[in-house]
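Novice: Just run.cif, nothing more (mmCIF, C-alpha atoms):
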data_entry
loop_
_atom_site.label_atom_id
_atom_site.label_comp_id
_atom_site.auth_asym_id
_atom_site.auth_seq_id
_atom_site.Cartn_x
_atom_site.Cartn_y
_atom_site.Cartn_z
CA MET G 19 -49.66 -91.96 0.60
CA PHE G 20 -49.84 -88.45 -0.78
CA ALA G 21 -50.28 -85.34 1.40
CA TYR G 22 -51.91 -82.60 -0.66
CA ARG G 23 -53.14 -79.47 1.09
CA HIS G 24 -53.59 -77.23 -1.89
CA ALA G 25 -52.34 -74.04 -0.24
CA PHE G 26 -48.84 -75.53 -0.37
CA HIS G 27 -49.09 -76.30 -4.08
CA ALA G 28 -51.27 -73.53 -5.55
CA GLY G 29 -50.00 -72.31 -8.90
CA ASN G 30 -47.74 -75.29 -9.52
CA HIS G 31 -47.43 -77.17 -12.83
CA ALA G 32 -50.43 -79.34 -12.00
CA ASP G 33 -52.57 -76.25 -11.43
CA VAL G 34 -51.50 -74.84 -14.78
CA LEU G 35 -52.66 -77.95 -16.65
CA LYS G 36 -55.84 -78.38 -14.63
CA HIS G 37 -56.96 -74.79 -14.89
CA LEU G 38 -56.00 -74.42 -18.55
CA VAL G 39 -58.31 -77.34 -19.36
CA LEU G 40 -61.03 -76.05 -17.02
CA VAL G 41 -61.11 -72.64 -18.71
CA GLN G 42 -61.38 -74.29 -22.13
CA LEU G 43 -64.30 -76.45 -20.98
CA LEU G 44 -66.18 -73.49 -19.51
CA GLN G 45 -65.62 -71.30 -22.55
CA HIS G 46 -66.95 -74.07 -24.77
CA LEU G 47 -70.07 -74.55 -22.65
CA SER G 48 -70.71 -70.81 -22.80
CA GLN G 49 -70.92 -70.82 -26.59
CA LYS G 50 -74.56 -71.93 -26.37
CA GLU G 51 -77.20 -69.73 -24.77
CA LYS G 52 -78.77 -72.48 -22.64
CA GLY G 53 -77.46 -72.49 -19.08
CA TYR G 54 -75.30 -75.18 -17.57
CA ARG G 55 -74.52 -76.56 -14.11
CA VAL G 56 -71.00 -77.05 -12.77
CA ILE G 57 -70.27 -79.38 -9.86
CA ASP G 58 -66.89 -78.95 -8.18
CA THR G 59 -66.56 -81.96 -5.88
CA HIS G 60 -63.46 -80.75 -4.01
CA ALA G 61 -63.52 -76.98 -4.21
CA GLY G 62 -60.89 -75.99 -1.64
CA ALA G 63 -60.51 -72.44 -0.38
CA GLY G 64 -61.19 -70.87 -3.77
CA ALA G 65 -58.12 -68.63 -3.89
CA TYR G 66 -54.56 -68.66 -2.58
CA SER G 67 -51.99 -66.02 -1.72
CA LEU G 68 -48.53 -66.62 -3.06
CA ARG G 69 -47.24 -64.58 -0.13
CA SER G 70 -48.65 -67.01 2.43
CA GLU G 71 -46.53 -69.15 4.72
CA GLN G 72 -47.79 -72.29 3.00
CA ALA G 73 -46.99 -71.11 -0.53
CA ASN G 74 -43.54 -69.93 0.52
CA LYS G 75 -42.66 -73.19 2.22
CA LYS G 76 -42.06 -74.99 -1.07
CA LEU G 77 -42.40 -72.18 -3.65
CA GLU G 78 -43.87 -74.63 -6.14
CA TRP G 79 -45.60 -71.82 -8.00
CA LEU G 80 -42.22 -70.56 -9.22
CA ASP G 81 -41.90 -73.69 -11.37
CA GLY G 82 -45.54 -73.48 -12.45
CA ILE G 83 -47.38 -70.26 -13.17
CA GLY G 84 -44.25 -68.31 -12.26
CA ARG G 85 -42.52 -69.60 -15.41
CA ILE G 86 -45.28 -68.43 -17.77
CA TRP G 87 -46.68 -65.29 -16.11
CA GLU G 88 -44.55 -62.78 -18.01
CA ARG G 89 -43.91 -64.69 -21.23
CA LYS G 90 -44.98 -63.10 -24.50
CA ASP G 91 -45.17 -66.28 -26.58
CA LEU G 92 -48.20 -67.85 -24.92
CA PRO G 93 -50.28 -70.30 -26.94
CA LYS G 94 -54.04 -69.74 -27.07
CA GLY G 95 -55.13 -71.98 -24.20
CA VAL G 96 -52.41 -70.85 -21.82
CA ALA G 97 -53.20 -67.21 -22.62
CA ALA G 98 -56.90 -67.75 -21.91
CA TYR G 99 -56.04 -69.26 -18.52
CA LEU G 100 -53.68 -66.42 -17.61
CA ASP G 101 -56.31 -63.87 -18.65
CA GLU G 102 -58.55 -65.29 -15.92
CA VAL G 103 -55.71 -65.27 -13.38
CA GLU G 104 -55.01 -61.62 -14.17
CA ARG G 105 -58.73 -60.84 -13.96
CA PHE G 106 -58.71 -62.13 -10.38
CA ASN G 107 -55.24 -61.05 -9.37
CA GLY G 108 -55.09 -57.67 -11.07
CA PRO G 109 -52.41 -56.51 -13.52
CA GLY G 110 -48.74 -56.44 -12.63
CA VAL G 111 -47.00 -58.55 -10.01
CA LEU G 112 -48.46 -62.01 -9.43
CA LYS G 113 -49.64 -62.15 -5.82
CA ASN G 114 -52.66 -64.44 -5.79
CA VAL G 115 -53.96 -67.36 -7.81
CA PRO G 116 -57.60 -68.37 -8.20
CA GLY G 117 -58.67 -71.90 -7.43
CA SER G 118 -61.12 -73.87 -9.53
CA PRO G 119 -64.34 -72.44 -8.00
CA THR G 120 -63.13 -68.88 -8.55
CA LEU G 121 -62.28 -69.55 -12.18
CA ILE G 122 -65.71 -71.13 -12.61
CA ARG G 123 -67.42 -68.17 -10.94
CA GLN G 124 -65.63 -65.73 -13.21
CA LEU G 125 -66.86 -67.52 -16.31
CA LEU G 126 -70.43 -68.20 -15.20
CA ARG G 127 -73.23 -66.30 -16.90
CA ALA G 128 -76.55 -65.33 -15.33
CA GLN G 129 -78.20 -68.55 -16.53
CA ASP G 130 -75.43 -70.85 -15.20
CA GLU G 131 -74.81 -72.26 -11.73
CA LEU G 132 -72.03 -73.69 -9.61
CA HIS G 133 -72.30 -76.16 -6.75
CA ALA G 134 -69.02 -76.19 -4.82
CA PHE G 135 -68.35 -78.87 -2.20
CA GLU G 136 -65.80 -78.71 0.60
CA VAL G 137 -65.41 -80.49 3.94
CA HIS G 138 -62.25 -78.94 5.41
CA PRO G 139 -63.47 -76.31 7.95
CA THR G 140 -60.80 -73.68 7.25
CA ASP G 141 -61.12 -73.97 3.49
CA LEU G 142 -64.91 -73.98 3.72
CA ARG G 143 -64.97 -70.70 5.65
CA ALA G 144 -62.60 -69.10 3.15
CA LEU G 145 -64.70 -70.33 0.24
CA GLU G 146 -67.96 -69.14 1.77
CA LYS G 147 -66.47 -65.69 2.32
CA LEU G 148 -65.13 -65.53 -1.21
CA MET G 149 -68.43 -66.59 -2.76
CA ALA G 150 -70.74 -64.64 -0.43
CA GLU G 151 -71.90 -62.19 -3.09
CA ALA G 152 -71.65 -64.51 -6.10
CA LYS G 153 -74.93 -65.14 -7.88
CA GLY G 154 -75.65 -68.64 -9.05
CA VAL G 155 -73.09 -70.15 -6.66
CA LYS G 156 -73.92 -72.52 -3.81
CA VAL G 157 -71.25 -73.66 -1.36
CA HIS G 158 -71.98 -76.95 0.37
CA LEU G 159 -70.49 -78.47 3.50
CA ALA G 160 -70.71 -81.99 2.16
CA ASP G 161 -68.81 -84.83 0.51
CA GLY G 162 -68.75 -84.05 -3.20
CA PHE G 163 -68.43 -87.71 -4.12
CA THR G 164 -71.75 -88.60 -2.50
CA SER G 165 -73.58 -85.47 -3.65
CA LEU G 166 -73.68 -86.15 -7.39
CA LYS G 167 -76.89 -88.17 -7.15
CA ALA G 168 -78.97 -85.17 -6.09
CA LEU G 169 -77.61 -82.85 -8.79
CA LEU G 170 -77.48 -84.98 -11.92
CA PRO G 171 -78.82 -84.61 -14.47
CA PRO G 172 -79.41 -80.84 -14.46
CA PRO G 173 -82.71 -79.57 -15.90
CA THR G 174 -80.97 -78.06 -18.92
CA ARG G 175 -79.12 -81.32 -19.67
CA ARG G 176 -75.88 -79.35 -19.90
CA GLY G 177 -73.17 -79.62 -17.29
CA LEU G 178 -69.60 -80.11 -16.13
CA VAL G 179 -68.41 -82.24 -13.22
CA LEU G 180 -64.92 -81.43 -11.94
CA ILE G 181 -63.45 -84.17 -9.74
CA ASP G 182 -60.24 -83.07 -8.05
CA PRO G 183 -59.73 -84.91 -4.76
CA PRO G 184 -56.52 -84.58 -2.72
CA TYR G 185 -55.75 -88.31 -3.06
CA GLU G 186 -54.47 -88.25 0.51
CA ILE G 187 -55.86 -91.73 1.07
CA LYS G 188 -55.91 -94.66 -1.31
CA THR G 189 -59.70 -94.86 -1.31
CA ASP G 190 -59.84 -91.54 -3.21
CA TYR G 191 -58.81 -93.42 -6.35
CA ALA G 192 -61.65 -95.94 -6.12
CA ARG G 193 -64.13 -93.23 -5.16
CA THR G 194 -63.07 -91.12 -8.13
CA LEU G 195 -63.66 -94.02 -10.49
CA ALA G 196 -67.06 -94.71 -8.91
CA ALA G 197 -68.03 -91.03 -9.13
CA VAL G 198 -67.21 -90.89 -12.84
CA ARG G 199 -69.31 -94.00 -13.44
CA GLU G 200 -72.22 -92.57 -11.49
CA ALA G 201 -72.04 -89.20 -13.21
CA LEU G 202 -72.13 -90.74 -16.68
CA THR G 203 -74.79 -93.27 -15.76
CA ARG G 204 -77.08 -90.50 -14.56
CA PHE G 205 -76.06 -88.01 -17.23
CA PRO G 206 -74.30 -89.57 -20.25
CA GLU G 207 -73.87 -86.16 -21.91
CA ALA G 208 -71.98 -84.71 -18.93
CA VAL G 209 -68.51 -83.31 -19.41
CA VAL G 210 -66.55 -84.97 -16.62
CA ALA G 211 -63.04 -83.67 -15.89
CA VAL G 212 -60.76 -85.54 -13.49
CA TRP G 213 -57.38 -84.39 -12.20
CA ILE G 214 -54.96 -87.24 -11.43
CA PRO G 215 -51.52 -86.87 -9.84
CA GLN G 216 -48.62 -88.59 -11.57
CA LEU G 217 -46.97 -90.52 -8.76
CA GLN G 218 -44.90 -93.65 -8.34
CA THR G 219 -47.78 -95.56 -6.80
CA VAL G 220 -49.87 -98.35 -8.26
CA GLU G 221 -53.13 -96.52 -7.64
CA ALA G 222 -52.05 -93.34 -9.43
CA GLN G 223 -50.55 -95.23 -12.35
CA GLN G 224 -53.62 -97.41 -12.85
CA LEU G 225 -56.36 -94.78 -12.56
CA PRO G 226 -56.05 -93.26 -16.08
CA GLN G 227 -56.51 -96.66 -17.74
CA ARG G 228 -59.30 -97.61 -15.37
CA LEU G 229 -61.10 -94.39 -16.27
CA ARG G 230 -60.71 -95.08 -19.97
CA ASN G 231 -62.21 -98.52 -19.52
CA ALA G 232 -65.05 -97.13 -17.41
CA VAL G 233 -66.18 -94.50 -19.93
CA LYS G 234 -65.71 -96.55 -23.09
CA GLY G 235 -69.05 -96.88 -24.81
CA VAL G 236 -70.72 -94.79 -22.09
CA ALA G 237 -69.45 -91.26 -22.73
CA LYS G 238 -71.19 -90.23 -25.95
CA LYS G 239 -68.28 -88.10 -27.18
CA GLY G 240 -65.44 -90.32 -26.01
CA TRP G 241 -62.56 -89.27 -23.80
CA LEU G 242 -59.15 -87.66 -23.79
CA ASP G 243 -56.25 -87.90 -21.37
CA ALA G 244 -53.74 -85.04 -21.23
CA GLN G 245 -50.57 -85.94 -19.34
CA LEU G 246 -47.90 -83.41 -18.44
CA SER G 247 -44.72 -84.94 -16.97
CA VAL G 248 -42.23 -82.39 -15.67
CA ALA G 249 -40.08 -83.95 -12.92
CA ALA G 250 -37.77 -86.96 -12.76
CA PRO G 251 -38.61 -89.87 -10.44
CA GLN G 252 -36.99 -89.57 -7.03
CA ASP G 253 -35.36 -92.19 -4.84
CA GLY G 254 -37.91 -93.56 -2.42
CA GLY G 255 -40.82 -93.00 -4.79
CA PHE G 256 -41.90 -89.62 -3.42
CA GLY G 257 -42.76 -86.41 -5.22
CA LEU G 258 -45.27 -85.18 -7.79
CA LEU G 259 -43.84 -85.98 -11.22
CA GLY G 260 -46.66 -84.40 -13.20
CA SER G 261 -50.37 -84.85 -13.64
CA HIS G 262 -53.20 -85.90 -15.91
CA MET G 263 -56.40 -84.19 -16.88
CA PHE G 264 -58.85 -86.85 -17.99
CA VAL G 265 -62.00 -85.58 -19.73
CA ALA G 266 -65.05 -87.61 -20.68
CA ASN G 267 -67.22 -86.04 -23.41
CA PRO G 268 -64.59 -83.42 -24.29
CA PRO G 269 -65.41 -80.56 -26.69
CA HIS G 270 -64.31 -81.37 -30.22
CA THR G 271 -61.83 -78.49 -30.16
CA LEU G 272 -60.02 -79.50 -26.96
CA GLY G 273 -57.93 -82.33 -28.35
CA ALA G 274 -56.43 -80.24 -31.14
CA LEU G 275 -55.60 -77.40 -28.74
CA LEU G 276 -53.92 -79.67 -26.19
CA ALA G 277 -51.99 -81.54 -28.88
CA GLN G 278 -50.37 -78.23 -29.79
CA GLU G 279 -49.90 -76.85 -26.28
CA LEU G 280 -48.76 -79.85 -24.23
CA PRO G 281 -45.31 -79.92 -25.89
CA TRP G 282 -44.94 -76.17 -25.22
CA LEU G 283 -45.89 -76.68 -21.58
CA ALA G 284 -43.44 -79.55 -21.22
CA GLU G 285 -40.64 -77.43 -22.63
CA VAL G 286 -41.41 -74.40 -20.47
CA LEU G 287 -42.35 -76.18 -17.23
CA GLY G 288 -40.05 -79.19 -17.53
CA GLN G 289 -37.52 -79.69 -14.75
CA TYR G 290 -35.45 -82.39 -16.50
CA GLU G 291 -34.64 -83.53 -20.03
CA GLY G 292 -37.33 -86.20 -20.02
CA ALA G 293 -40.21 -83.75 -19.55
CA LYS G 294 -43.05 -84.40 -21.98
CA GLY G 295 -46.67 -83.71 -22.77
CA VAL G 296 -48.72 -86.62 -24.08
CA LEU G 297 -52.29 -86.61 -25.34
CA GLN G 298 -54.34 -89.77 -25.78
CA ALA G 299 -57.97 -90.01 -26.90
CA GLY G 300 -60.57 -92.64 -27.60
CA ALA G 301 -64.23 -93.32 -28.22
#
Please render this file's structure as structure tokens.

Specialist:
Amino acid sequence: MFAYRHAFHAGNHADVLKHLVLVQLLQHLSQKEKGYRVIDTHAGAGAYSLRSEQANKKLEWLDGIGRIWERKDLPKGVAAYLDEVERFNGPGVLKNVPGSPTLIRQLLRAQDELHAFEVHPTDLRALEKLMAEAKGVKVHLADGFTSLKALLPPPTRRGLVLIDPPYEIKTDYARTLAAVREALTRFPEAVVAVWIPQLQTVEAQQLPQRLRNAVKGVAKKGWLDAQLSVAAPQDGGFGLLGSHMFVANPPHTLGALLAQELPWLAEVLGQYEGAKGVLQAGA
């Protein structure tokens, strides 16, 4: 089992990888004038204070965004991500980090839209407050897994589905796989991005390969799997060792960027000598 309330982990190494990839996907979609639809199946609270009790309990952000915030040697993708963090946070001392829906909102244009799903009452209220004045954004009190049917395909036939469940229960793995299959069945051109925790559990270790098998021959532009491993396995099998970002129908530029930047991230964010960044791709 894996307990993952995001307020405790905001800004950690997994956030860095996830949000770096997310920013790249959104910037690519924005290169064409036609609007696009983003579906965030597990939106969370939308933003997190690094001064909160939760963030200070484990201080995971210090080994994530805290390690790169003031560096001057940032590669292109990392710099683009931090530009968006600074845009939300303001210049100077790092106090807050944006969650996925906030990053999406910041990069939306007038012709684009975001559908953000959340079921946790506290996070939902925070997200609704944060997005109250945002145009093109709809916050839903609903299960994001079961809501894809009504929103795919979008009228413009351009869209991104971000699937980022907490994986607190084992069924999240099977539901993630089913959601990816449904999204691509309804909308084969969809860019589908899935965050996967790297854990010492069978479900977590099997999901990347199961996703590859599921999208093979279905996703028109293939897939890529970016894995960032930063921590050594612990006795007892607990702890987040790293994470994956799996993308179906990735932009053609994403693989080359990640191939260059994953080793840099592993070196900077690594917590042991075996830290590594690995990129795999297929049709």

Novice: Give me the residues near G:Leu170 as a PyMOL selection string, where near means some atom within 12 Å (using only C-alpha atoms) and where sequence neighbours in that chain fewer than 4 positions away do not count.

Specialist: chain G and resi 54-57+133+164-166+174-179+197-198+200-210

Novice: Write out as a tab-separated table the residues of stretch 100-197 of chain G that have any atom within 12 Å of an atom of stretch 232-244 of chain G, one row each with the nearest atom pair and its distance in Å to one decimal, counting all atoms listed in the file, sorted by chain and then rising number.

Specialist:
residue	atom	partner	partner_atom	distance
G:Ala192	CA	G:Ala232	CA	11.9
G:Thr194	CA	G:Ala232	CA	11.2
G:Leu195	CA	G:Ala232	CA	7.7
G:Ala196	CA	G:Ala232	CA	9.1
G:Ala197	CA	G:Ala232	CA	10.7

Novice: I would like the residues chosen by the PyMOL selection byres ((chain G and resi 111) around 12) on the shown file; could you give them as a PyMOL selection string?

Specialist: chain G and resi 68-69+84+87-88+103-104+107-110+112-115

Novice: Which residue gives the smallest distance to G:Ala152 among G:Gln49, G:Thr120, G:Thr140, G:Gln129, with only C-alpha atoms counted?

Specialist: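 When distances to G:Ala152 are compared using only C-alpha atoms, the smallest one comes from G:Thr120.
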
Novice: I'd like the interatomic distance between atom CA of G:Pro139 and atom CA of G:Ile214, to a tenth of an Å.

Specialist: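 One can read the atom CA of G:Pro139 to atom CA of G:Ile214 distance as 23.8 Å.
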
Novice: Of the residues G:Tyr290, G:Gln298, G:Leu283, G:Asp81, which is the one nearest to G:Gly95, using only C-alpha atoms?

Specialist: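 Closest to G:Gly95 of all the choices is G:Leu283.
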
Novice: Can you spell out as a VMD selection string the set of residues that the PyMOL selection byres ((chain G and resi 32) around 9) selects in the structure I just provided?

Specialist: chain G and resid 27 to 31 33 to 37 82 213 215 246 258 260 to 262

Novice: In Å to one decimal, how far is atom CA of G:Leu229 from atom CA of G:Leu297?

Specialist: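 Atom-to-atom, atom CA of G:Leu297 and atom CA of G:Leu229 are spaced 14.8 Å apart.
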
Novice: Just to confirm, what's the straight-line distance from atom CA of G:Leu159 to atom CA of G:Glu71 in Å (one decimal)?

Specialist: 25.7 Å

Novice: Please write out, as JSON, where the centre of an axis-aligned box around all listed atoms of stretch 104-110 of chain G lies and how long its edges are, in Å to one decimal, after adding 8 Å on each side.

Specialist:
{"center_x": -53.7, "center_y": -59.3, "center_z": -11.8, "size_x": 26.0, "size_y": 21.7, "size_z": 20.8}

Novice: From the set G:Ala299, G:Leu280, G:Leu77, G:Leu225, which residue has the shortest atom-to-atom contact distance to G:Lys188, counting all atoms listed in the file?

Specialist: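 When distances to G:Lys188 are compared using all atoms listed in the file, the smallest one comes from G:Leu225.
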
Novice: Quick one: of G:Ala150, G:Ala25, G:Val41, G:Ala250, who's nearest to G:Ala97, counting all atoms listed in the file?

Specialist: G:Val41

Novice: Care to translate the PyMOL selection byres ((chain G and resi 212) around 7) into actual residues of this file, as a list in words?

Specialist: Leu180, Ile181, Asp182, Val210, Ala211, Trp213, Ile214, Met263, Phe264 and Val265 of chain G

Novice: Using all atoms listed in the file, which protein or nucleic acid residues come within 9 Å of G:Val155? Drop anything in the same chain fewer than 4 positions from it, and give the result as a list in words.

Specialist: Arg123, Asp130, Glu131, Leu132, His133, Ala134, Met149, Ala150 and Glu151 of chain G

Novice: Residues of stretch 99-173 of chain G that have any atom at most 12 Å from an atom of stretch 42-46 of chain G: could you tabulate them with the shortest-distance atom pair and the distance in Å to one decimal, using only C-alpha atoms, ordered by chain and increasing number, as a tab-separated table?

Specialist:
residue	atom	partner	partner_atom	distance
G:Tyr99	CA	G:Gln42	CA	8.2
G:Leu100	CA	G:Gln42	CA	11.9
G:Glu102	CA	G:Gln42	CA	11.3
G:Ser118	CA	G:Leu44	CA	11.2
G:Pro119	CA	G:Leu44	CA	11.7
G:Leu121	CA	G:Leu44	CA	9.2
G:Ile122	CA	G:Leu44	CA	7.3
G:Arg123	CA	G:Leu44	CA	10.2
G:Gln124	CA	G:Leu44	CA	10.0
G:Leu125	CA	G:Leu44	CA	6.8
G:Leu126	CA	G:Leu44	CA	8.0
G:Arg127	CA	G:Leu44	CA	10.4
G:Asp130	CA	G:Leu44	CA	10.5
G:Glu131	CA	G:Leu44	CA	11.7
G:Leu132	CA	G:Leu44	CA	11.5

Novice: Show me the residues close to (-35.8, -90.4, -12.4) - anything with an atom within 12 Å, counting only C-alpha atoms - and format the list as a PyMOL selection string.

Specialist: chain G and resi 217-218+247-259+289-293

Novice: Point out the residue among G:Val137, G:Glu146, G:Lys153, G:Arg85 with the least atom-to-atom distance to G:Glu285, counting all atoms listed in the file.

Specialist: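 With all atoms listed in the file as the atom set, the closest residue is G:Arg85.
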
Novice: N, CA and C atoms are what I want for stretch 249-280 of chain G; can you complete it accordingly and write them as a CSV table (one decimal), keeping the file's coordinate frame?

Specialist:
chain,number,residue,atom,x,y,z
G,249,ALA,N,-41.1,-83.7,-13.9
G,249,ALA,CA,-40.1,-84.0,-12.9
G,249,ALA,C,-39.6,-85.4,-13.0
G,250,ALA,N,-38.3,-85.6,-12.7
G,250,ALA,CA,-37.8,-87.0,-12.8
G,250,ALA,C,-38.2,-87.7,-11.5
G,251,PRO,N,-38.3,-89.0,-11.6
G,251,PRO,CA,-38.6,-89.9,-10.4
G,251,PRO,C,-37.5,-89.7,-9.4
G,252,GLN,N,-37.9,-89.7,-8.1
G,252,GLN,CA,-37.0,-89.6,-7.0
G,252,GLN,C,-36.8,-90.9,-6.3
G,253,ASP,N,-35.6,-91.0,-5.7
G,253,ASP,CA,-35.4,-92.2,-4.8
G,253,ASP,C,-36.4,-92.2,-3.7
G,254,GLY,N,-36.9,-93.4,-3.5
G,254,GLY,CA,-37.9,-93.6,-2.4
G,254,GLY,C,-39.3,-93.5,-2.9
G,255,GLY,N,-39.5,-93.0,-4.2
G,255,GLY,CA,-40.8,-93.0,-4.8
G,255,GLY,C,-41.7,-91.8,-4.4
G,256,PHE,N,-41.1,-90.8,-3.8
G,256,PHE,CA,-41.9,-89.6,-3.4
G,256,PHE,C,-41.9,-88.5,-4.5
G,257,GLY,N,-42.8,-87.6,-4.4
G,257,GLY,CA,-42.8,-86.4,-5.2
G,257,GLY,C,-43.8,-86.5,-6.3
G,258,LEU,N,-44.3,-85.3,-6.7
G,258,LEU,CA,-45.3,-85.2,-7.8
G,258,LEU,C,-44.5,-85.0,-9.1
G,259,LEU,N,-44.6,-86.0,-10.0
G,259,LEU,CA,-43.8,-86.0,-11.2
G,259,LEU,C,-44.5,-85.2,-12.3
G,260,GLY,N,-45.8,-85.1,-12.2
G,260,GLY,CA,-46.7,-84.4,-13.2
G,260,GLY,C,-48.1,-84.7,-12.9
G,261,SER,N,-49.0,-84.6,-13.9
G,261,SER,CA,-50.4,-84.8,-13.6
G,261,SER,C,-51.1,-85.1,-14.9
G,262,HIS,N,-52.3,-85.7,-14.8
G,262,HIS,CA,-53.2,-85.9,-15.9
G,262,HIS,C,-54.5,-85.0,-15.7
G,263,MET,N,-55.0,-84.6,-16.9
G,263,MET,CA,-56.4,-84.2,-16.9
G,263,MET,C,-57.1,-85.1,-17.8
G,264,PHE,N,-58.0,-85.9,-17.2
G,264,PHE,CA,-58.8,-86.8,-18.0
G,264,PHE,C,-60.2,-86.2,-18.2
G,265,VAL,N,-60.7,-86.2,-19.4
G,265,VAL,CA,-62.0,-85.6,-19.7
G,265,VAL,C,-62.9,-86.5,-20.5
G,266,ALA,N,-64.0,-86.9,-20.0
G,266,ALA,CA,-65.0,-87.6,-20.7
G,266,ALA,C,-66.0,-86.6,-21.4
G,267,ASN,N,-66.4,-86.9,-22.6
G,267,ASN,CA,-67.2,-86.0,-23.4
G,267,ASN,C,-66.5,-84.7,-23.6
G,268,PRO,N,-65.3,-84.7,-24.1
G,268,PRO,CA,-64.6,-83.4,-24.3
G,268,PRO,C,-65.2,-82.7,-25.5
G,269,PRO,N,-65.1,-81.3,-25.5
G,269,PRO,CA,-65.4,-80.6,-26.7
G,269,PRO,C,-64.5,-81.0,-27.9
G,270,HIS,N,-65.1,-80.9,-29.1
G,270,HIS,CA,-64.3,-81.4,-30.2
G,270,HIS,C,-63.0,-80.6,-30.5
G,271,THR,N,-63.0,-79.3,-29.9
G,271,THR,CA,-61.8,-78.5,-30.2
G,271,THR,C,-60.7,-78.7,-29.1
G,272,LEU,N,-61.0,-79.4,-28.1
G,272,LEU,CA,-60.0,-79.5,-27.0
G,272,LEU,C,-58.8,-80.3,-27.3
G,273,GLY,N,-59.0,-81.5,-28.0
G,273,GLY,CA,-57.9,-82.3,-28.4
G,273,GLY,C,-56.9,-81.6,-29.2
G,274,ALA,N,-57.4,-80.9,-30.2
G,274,ALA,CA,-56.4,-80.2,-31.1
G,274,ALA,C,-55.6,-79.2,-30.4
G,275,LEU,N,-56.3,-78.4,-29.5
G,275,LEU,CA,-55.6,-77.4,-28.7
G,275,LEU,C,-54.5,-78.0,-27.8
G,276,LEU,N,-54.9,-79.1,-27.1
G,276,LEU,CA,-53.9,-79.7,-26.2
G,276,LEU,C,-52.8,-80.4,-26.9
G,277,ALA,N,-53.1,-80.9,-28.1
G,277,ALA,CA,-52.0,-81.5,-28.9
G,277,ALA,C,-50.9,-80.5,-29.3
G,278,GLN,N,-51.3,-79.3,-29.5
G,278,GLN,CA,-50.4,-78.2,-29.8
G,278,GLN,C,-49.7,-77.7,-28.5
G,279,GLU,N,-50.4,-77.6,-27.4
G,279,GLU,CA,-49.9,-76.8,-26.3
G,279,GLU,C,-49.2,-77.7,-25.3
G,280,LEU,N,-49.5,-79.0,-25.2
G,280,LEU,CA,-48.8,-79.8,-24.2
G,280,LEU,C,-47.2,-79.9,-24.5
